[in-house]
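**Student:** Just protein.cif, nothing more (mmCIF, C-alpha atoms):
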data_data
loop_
_atom_site.group_PDB
_atom_site.id
_atom_site.type_symbol
_atom_site.label_atom_id
_atom_site.label_comp_id
_atom_site.auth_asym_id
_atom_site.auth_seq_id
_atom_site.Cartn_x
_atom_site.Cartn_y
_atom_site.Cartn_z
ATOM 1 C CA ARG A 1 31.672 186.201 -131.040
ATOM 2 C CA GLY A 2 35.071 185.156 -129.633
ATOM 3 C CA LEU A 3 35.674 182.680 -132.470
ATOM 4 C CA GLY A 4 34.709 185.286 -135.055
ATOM 5 C CA ASP A 5 37.283 187.700 -133.614
ATOM 6 C CA VAL A 6 39.964 185.019 -133.882
ATOM 7 C CA TYR A 7 39.139 184.383 -137.541
ATOM 8 C CA LYS A 8 39.091 188.114 -138.238
ATOM 9 C CA ARG A 9 42.530 188.535 -136.679
ATOM 10 C CA GLN A 10 43.857 185.567 -138.659
ATOM 11 C CA ALA A 11 42.552 187.177 -141.861
ATOM 12 C CA TYR A 12 44.292 190.439 -140.990
ATOM 13 C CA MET A 13 47.730 188.860 -140.604
ATOM 14 C CA PRO A 14 48.189 187.887 -144.298
ATOM 15 C CA ALA A 15 46.773 191.267 -145.318
ATOM 16 C CA ILE A 16 49.248 193.075 -143.055
ATOM 17 C CA VAL A 17 52.222 191.021 -144.262
ATOM 18 C CA VAL A 18 51.388 191.244 -147.980
ATOM 19 C CA GLY A 19 50.330 194.888 -147.792
ATOM 20 C CA GLY A 20 53.474 195.759 -145.857
ATOM 21 C CA SER A 21 55.663 194.028 -148.412
ATOM 22 C CA PHE A 22 54.019 195.910 -151.293
ATOM 23 C CA PHE A 23 54.334 199.168 -149.366
ATOM 24 C CA GLY A 24 58.010 198.478 -148.670
ATOM 25 C CA ASP A 25 58.768 197.474 -152.248
ATOM 26 C CA ASN A 26 57.112 200.588 -153.649
ATOM 27 C CA LEU A 27 59.102 202.866 -151.354
ATOM 28 C CA SER A 28 62.360 200.918 -151.423
ATOM 29 C CA PHE A 29 65.475 202.669 -152.692
ATOM 30 C CA ILE A 30 67.380 199.484 -153.469
ATOM 31 C CA SER A 31 64.759 197.083 -154.827
ATOM 32 C CA ASP A 32 65.190 195.495 -158.245
ATOM 33 C CA THR A 33 62.272 197.468 -159.685
ATOM 34 C CA THR A 34 63.697 200.751 -158.375
ATOM 35 C CA ILE A 35 67.105 200.081 -159.869
ATOM 36 C CA ALA A 36 65.657 198.955 -163.214
ATOM 37 C CA SER A 37 63.211 201.842 -163.537
ATOM 38 C CA THR A 38 65.690 204.563 -162.588
ATOM 39 C CA ARG A 39 68.423 203.188 -164.856
ATOM 40 C CA THR A 40 66.161 202.726 -167.890
ATOM 41 C CA GLN A 41 64.421 206.100 -167.500
ATOM 42 C CA ASP A 42 67.629 208.006 -166.708
ATOM 43 C CA CYS A 43 66.327 209.529 -163.480
ATOM 44 C CA VAL A 44 67.470 209.532 -159.886
ATOM 45 C CA MET A 45 66.011 207.376 -157.138
ATOM 46 C CA THR A 46 64.554 210.342 -155.287
ATOM 47 C CA ASP A 47 62.341 211.134 -158.316
ATOM 48 C CA LYS A 48 60.854 207.633 -158.255
ATOM 49 C CA PHE A 49 60.473 207.798 -154.478
ATOM 50 C CA ARG A 50 58.625 211.120 -154.722
ATOM 51 C CA VAL A 51 56.182 209.803 -157.344
ATOM 52 C CA ASN A 52 55.614 206.560 -155.429
ATOM 53 C CA CYS A 53 54.899 208.549 -152.253
ATOM 54 C CA LEU A 54 52.027 210.298 -154.030
ATOM 55 C CA ILE A 55 50.561 206.907 -154.918
ATOM 56 C CA VAL A 56 51.341 204.827 -151.829
ATOM 57 C CA VAL A 57 51.205 207.171 -148.831
ATOM 58 C CA PRO A 58 47.467 208.074 -149.069
ATOM 59 C CA ALA A 59 46.535 204.388 -149.157
ATOM 60 C CA ALA A 60 48.981 203.652 -146.330
ATOM 61 C CA ILE A 61 47.419 206.362 -144.155
ATOM 62 C CA VAL A 62 43.920 204.946 -144.690
ATOM 63 C CA VAL A 63 45.106 201.404 -143.937
ATOM 64 C CA LEU A 64 46.989 202.600 -140.849
ATOM 65 C CA GLY A 65 43.758 204.177 -139.594
ATOM 66 C CA VAL A 66 41.930 200.868 -140.126
ATOM 67 C CA TYR A 67 44.663 198.971 -138.277
ATOM 68 C CA ILE A 68 44.565 201.398 -135.361
ATOM 69 C CA PHE A 69 40.771 201.248 -135.154
ATOM 70 C CA GLN A 70 40.710 197.446 -135.355
ATOM 71 C CA GLY A 71 43.622 197.121 -132.940
ATOM 72 C CA LEU A 72 41.994 199.074 -130.133
ATOM 73 C CA SER A 73 40.282 195.905 -128.922
ATOM 74 C CA VAL A 74 43.413 193.736 -129.199
ATOM 75 C CA SER A 75 45.640 193.294 -126.184
ATOM 76 C CA ALA A 76 49.303 193.184 -127.135
ATOM 77 C CA PRO A 77 51.661 190.825 -125.305
ATOM 78 C CA PRO A 78 54.474 192.480 -123.365
ATOM 79 C CA GLN A 79 57.747 192.898 -125.217
ATOM 80 C CA THR A 80 59.978 189.963 -124.346
ATOM 81 C CA GLU A 81 63.203 190.920 -126.115
ATOM 82 C CA THR A 82 65.155 194.129 -125.895
ATOM 83 C CA ILE A 83 65.953 195.910 -129.139
ATOM 84 C CA GLU A 84 69.633 196.023 -130.016
ATOM 85 C CA TRP A 85 69.776 199.446 -131.643
ATOM 86 C CA ILE A 86 73.291 198.955 -133.001
ATOM 87 C CA LYS A 87 71.886 196.298 -135.345
ATOM 88 C CA VAL A 88 69.585 198.926 -136.862
ATOM 89 C CA LEU A 89 72.593 201.043 -137.895
ATOM 90 C CA PRO A 90 73.246 199.303 -141.285
ATOM 91 C CA TYR A 91 69.623 199.889 -142.318
ATOM 92 C CA LEU A 92 69.917 203.576 -141.451
ATOM 93 C CA ILE A 93 73.192 203.850 -143.391
ATOM 94 C CA VAL A 94 71.631 202.254 -146.477
ATOM 95 C CA LEU A 95 68.521 204.426 -146.226
ATOM 96 C CA GLY A 96 70.482 207.632 -145.644
ATOM 97 C CA THR A 97 72.957 207.085 -148.486
ATOM 98 C CA ALA A 98 70.165 206.066 -150.854
ATOM 99 C CA VAL A 99 68.142 209.193 -150.006
ATOM 100 C CA ALA A 100 71.281 211.282 -150.534
ATOM 101 C CA GLY A 101 71.397 209.958 -154.123
ATOM 102 C CA MET A 102 74.528 207.820 -153.865
ATOM 103 C CA ASN A 103 75.166 205.203 -156.562
ATOM 104 C CA VAL A 104 73.208 202.001 -155.924
ATOM 105 C CA MET A 105 76.277 199.754 -156.013
ATOM 106 C CA LEU A 106 78.039 201.950 -153.448
ATOM 107 C CA VAL A 107 74.935 201.895 -151.254
ATOM 108 C CA LEU A 108 74.846 198.098 -151.375
ATOM 109 C CA MET A 109 78.578 197.820 -150.665
ATOM 110 C CA LEU A 110 78.247 200.186 -147.691
ATOM 111 C CA GLY A 111 75.371 198.038 -146.443
ATOM 112 C CA ILE A 112 77.459 194.867 -146.647
ATOM 113 C CA VAL A 113 80.498 196.438 -144.958
ATOM 114 C CA SER A 114 78.473 198.130 -142.196
ATOM 115 C CA THR A 115 76.581 194.891 -141.531
ATOM 116 C CA GLY A 116 79.895 193.065 -141.188
ATOM 117 C CA LEU A 117 81.302 195.703 -138.821
ATOM 118 C CA VAL A 118 78.200 195.642 -136.637
ATOM 119 C CA GLY A 119 78.302 191.843 -136.691
ATOM 120 C CA PHE A 120 81.922 191.851 -135.517
ATOM 121 C CA LEU A 121 81.049 194.293 -132.723
ATOM 122 C CA THR A 122 78.197 192.043 -131.549
ATOM 123 C CA GLY A 123 80.162 188.797 -131.509
ATOM 124 C CA MET A 124 79.952 187.483 -135.069
ATOM 125 C CA SER A 125 83.079 185.909 -136.515
ATOM 126 C CA PHE A 126 84.520 186.591 -139.963
ATOM 127 C CA PHE A 127 83.426 183.153 -141.200
ATOM 128 C CA ASP A 128 79.914 183.619 -139.804
ATOM 129 C CA TRP A 129 79.682 186.821 -141.853
ATOM 130 C CA PHE A 130 80.679 185.012 -145.046
ATOM 131 C CA GLY A 131 78.307 182.167 -144.162
ATOM 132 C CA ALA A 132 75.429 184.626 -143.783
ATOM 133 C CA MET A 133 76.244 186.203 -147.156
ATOM 134 C CA GLY A 134 76.409 182.724 -148.716
ATOM 135 C CA SER A 135 72.989 181.836 -147.286
ATOM 136 C CA GLY A 136 71.561 185.049 -148.695
ATOM 137 C CA ILE A 137 73.001 184.359 -152.139
ATOM 138 C CA THR A 138 71.707 180.774 -152.022
ATOM 139 C CA GLY A 139 68.238 182.048 -151.172
ATOM 140 C CA MET A 140 68.364 184.410 -154.151
ATOM 141 C CA GLY A 141 69.814 181.832 -156.569
ATOM 142 C CA GLU A 142 66.603 181.113 -158.457
ATOM 143 C CA LEU A 143 65.823 184.804 -158.812
ATOM 144 C CA ILE A 144 69.329 185.509 -160.114
ATOM 145 C CA ILE A 145 69.020 182.756 -162.759
ATOM 146 C CA ILE A 146 65.589 184.025 -163.861
ATOM 147 C CA THR A 147 66.912 187.597 -164.021
ATOM 148 C CA LEU A 148 69.891 186.557 -166.159
ATOM 149 C CA LEU A 149 67.668 184.557 -168.526
ATOM 150 C CA ALA A 150 65.103 187.359 -168.791
ATOM 151 C CA GLY A 151 67.836 189.955 -169.370
ATOM 152 C CA GLY A 152 69.396 187.858 -172.129
ATOM 153 C CA MET A 153 66.046 187.262 -173.791
ATOM 154 C CA LEU A 154 65.133 190.951 -173.667
ATOM 155 C CA GLU A 155 68.497 191.908 -175.161
ATOM 156 C CA LEU A 156 67.888 189.427 -178.027
ATOM 157 C CA ILE A 157 64.448 190.931 -178.599
ATOM 158 C CA ARG A 158 65.886 194.467 -178.558
ATOM 159 C CA TYR A 159 68.765 193.530 -180.884
ATOM 160 C CA ASN A 160 66.362 192.018 -183.422
ATOM 161 C CA GLY A 161 64.074 195.069 -183.351
ATOM 162 C CA GLY A 162 61.169 193.561 -181.418
ATOM 163 C CA ILE A 163 60.852 196.345 -178.856
ATOM 164 C CA ASP A 164 61.104 199.069 -181.518
ATOM 165 C CA PHE A 165 58.416 197.247 -183.541
ATOM 166 C CA ILE A 166 56.033 197.147 -180.568
ATOM 167 C CA ILE A 167 56.675 200.786 -179.625
ATOM 168 C CA THR A 168 56.200 201.931 -183.247
ATOM 169 C CA ARG A 169 52.914 200.043 -183.540
ATOM 170 C CA LEU A 170 51.596 201.369 -180.233
ATOM 171 C CA THR A 171 52.579 205.002 -180.788
ATOM 172 C CA ARG A 172 51.787 205.565 -184.473
ATOM 173 C CA HIS A 173 48.283 206.914 -183.715
ATOM 174 C CA VAL A 174 49.166 208.884 -180.569
ATOM 175 C CA ARG A 175 48.007 212.497 -180.828
ATOM 176 C CA GLY A 176 47.807 213.667 -177.222
ATOM 177 C CA LYS A 177 48.419 212.947 -173.572
ATOM 178 C CA ARG A 178 45.571 210.418 -173.225
ATOM 179 C CA GLY A 179 46.747 208.513 -176.265
ATOM 180 C CA ALA A 180 50.279 208.366 -174.851
ATOM 181 C CA GLU A 181 48.934 207.082 -171.518
ATOM 182 C CA LEU A 182 46.873 204.456 -173.310
ATOM 183 C CA SER A 183 49.871 203.319 -175.353
ATOM 184 C CA ILE A 184 51.967 203.013 -172.162
ATOM 185 C CA ALA A 185 49.193 200.952 -170.553
ATOM 186 C CA CYS A 186 49.023 198.689 -173.626
ATOM 187 C CA LEU A 187 52.813 198.264 -173.597
ATOM 188 C CA LEU A 188 52.746 197.310 -169.906
ATOM 189 C CA TYR A 189 49.845 194.919 -170.464
ATOM 190 C CA THR A 190 51.658 193.296 -173.408
ATOM 191 C CA SER A 191 54.906 192.884 -171.484
ATOM 192 C CA ASP A 192 53.092 191.536 -168.391
ATOM 193 C CA ALA A 193 51.112 189.077 -170.503
ATOM 194 C CA ALA A 194 54.323 187.884 -172.174
ATOM 195 C CA ASP A 195 55.955 187.596 -168.733
ATOM 196 C CA GLU A 196 53.238 185.280 -167.480
#
As structure tokens, please, write out the structure in this file.

**Tutor:**
Amino acid sequence: RGLGDVYKRQAYMPAIVVGGSFFGDNLSFISDTTIASTRTQDCVMTDKFRVNCLIVVPAAIVVLGVYIFQGLSVSAPPQTETIEWIKVLPYLIVLGTAVAGMNVMLVLMLGIVSTGLVGFLTGMSFFDWFGAMGSGITGMGELIIITLLAGGMLELIRYNGGIDFIITRLTRHVRGKRGAELSIACLLYTSDAADE
């Protein structure tokens, strides 16, 4: 029984990490998918957040109940480090300005500046701040290259009429709401298949 509990807890950890990352990405105000979807659909971030809440929050509540029920038999180790609440301030600034509907670039710039100010107040030097930003950019290098290549390819496809061709073919027989939903699903499936 003891060994089975250990294996069960080990299985929960990847589920918690992956599920938490999906939950966070769906409700993020500054993720790449949020920025792309709001810019292409000409809507504000709060609209996307509201729709995603309807999809994500019910599942999150059910999963939270499962975690609480399963965690009743788990003894948590005592907290060994104190929380430095000042370091949470940049996250709150980014979240608050994003919820208020501020431009994404301004939100990101405020996040960078507030992180630097908090870093200076907690003993970080100016060069450490630039080093941390450099490490972050280095870690995102591959994603940036892929994004630039994908953006260029999509612009070539759009310029040559490929996207209009696909949309025309998928929507020529649409007569109602269900047909429109089916055509959107086919468009997403086609683009995802091409992405893979």

**Student:** Any idea what the distance is between CA of Met140 (chain A) and CA of Val88 (chain A)?

**Tutor:**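 Answer for the CA of Met140 (chain A) to CA of Val88 (chain A) separation: 22.6 Å.
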
**Student:** May I have the residues within 12 Å of region 161-175 of chain A as a PyMOL selection string, using all atoms listed in the file and disregarding those fewer than 3 positions away in the same chain?

**Tutor:** chain A and resi 153-158+178-191

**Student:** With C-alpha atoms retained, could you export that selection as a compact mmCIF listing (two decimals), in the coordinates of the input?

**Tutor:**
# COMPACT_ATOMS: atom_id res chain seq x y z
CA MET A 153 66.05 187.26 -173.79
CA LEU A 154 65.13 190.95 -173.67
CA GLU A 155 68.50 191.91 -175.16
CA LEU A 156 67.89 189.43 -178.03
CA ILE A 157 64.45 190.93 -178.60
CA ARG A 158 65.89 194.47 -178.56
CA ARG A 178 45.57 210.42 -173.22
CA GLY A 179 46.75 208.51 -176.26
CA ALA A 180 50.28 208.37 -174.85
CA GLU A 181 48.93 207.08 -171.52
CA LEU A 182 46.87 204.46 -173.31
CA SER A 183 49.87 203.32 -175.35
CA ILE A 184 51.97 203.01 -172.16
CA ALA A 185 49.19 200.95 -170.55
CA CYS A 186 49.02 198.69 -173.63
CA LEU A 187 52.81 198.26 -173.60
CA LEU A 188 52.75 197.31 -169.91
CA TYR A 189 49.84 194.92 -170.46
CA THR A 190 51.66 193.30 -173.41
CA SER A 191 54.91 192.88 -171.48

**Student:** So, counting all atoms listed in the file, which residue among A:Ile68, A:Val57, A:Leu117, A:Val44 is closest to Val104 (chain A)?

**Tutor:**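 Closest to Val104 (chain A), using all atoms listed in the file: A:Val44.
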
**Student:** May I ask for the distance between CA of Ile112 (chain A) and CA of Phe130 (chain A), given in Å to one decimal place?

**Tutor:** 10.5 Å

**Student:** What separation in Å, quoted to one decimal, exists between CA of Pro90 (chain A) and CA of Phe120 (chain A)?

**Tutor:**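 If I compute the distance from CA of Pro90 (chain A) to CA of Phe120 (chain A), I get 12.8 Å.
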
**Student:** Padding 5 Å on every side, please: axis-aligned box over the listed atoms of region 89-101 of chain A, centre and edge lengths to one decimal in Å, as lines of an AutoDock Vina configuration file.

**Tutor:**
center_x = 70.7
center_y = 205.3
center_z = -146.0
size_x = 15.1
size_y = 22.0
size_z = 26.2

**Student:** Would you kindly return, as a list in words, each protein, DNA or RNA residue with an atom no farther than 12 Å from any atom of Thr97 (chain A), considering only C-alpha atoms and excluding same-chain residues fewer than 3 positions away?

**Tutor:**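 Contacts, with the query itself left out: Phe29, Ile30, Met45, Thr46, Pro90, Tyr91, Leu92, Ile93, Val94, Ala100, Gly101, Met102, Asn103, Val104, Met105, Leu106, Val107, Leu108, Met109, Leu110 and Gly111 of chain A.
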
**Student:** Using only C-alpha atoms, find the one residue out of A:Leu27, A:Val113, A:Leu89, A:Leu121 that sits nearest to Arg50 (chain A).

**Tutor:**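 Of A:Leu27, A:Val113, A:Leu89, A:Leu121, the one nearest Arg50 (chain A), counting only C-alpha atoms, is A:Leu27.
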
**Student:** Would you list the contacts of Glu84 (chain A) as number ranges by chain, taking every protein, DNA or RNA residue within 12 Å and counting only C-alpha atoms, but skipping same-chain residues closer than 2 positions in sequence?

**Tutor:** A: 81-82, 86-89, 118-119, 121-122

**Student:** Taking all atoms listed in the file into account, name the residue in A:Val18, A:Ser73, A:Asp25, A:Val66 that is nearest to Asn52 (chain A).

**Tutor:** A:Asp25
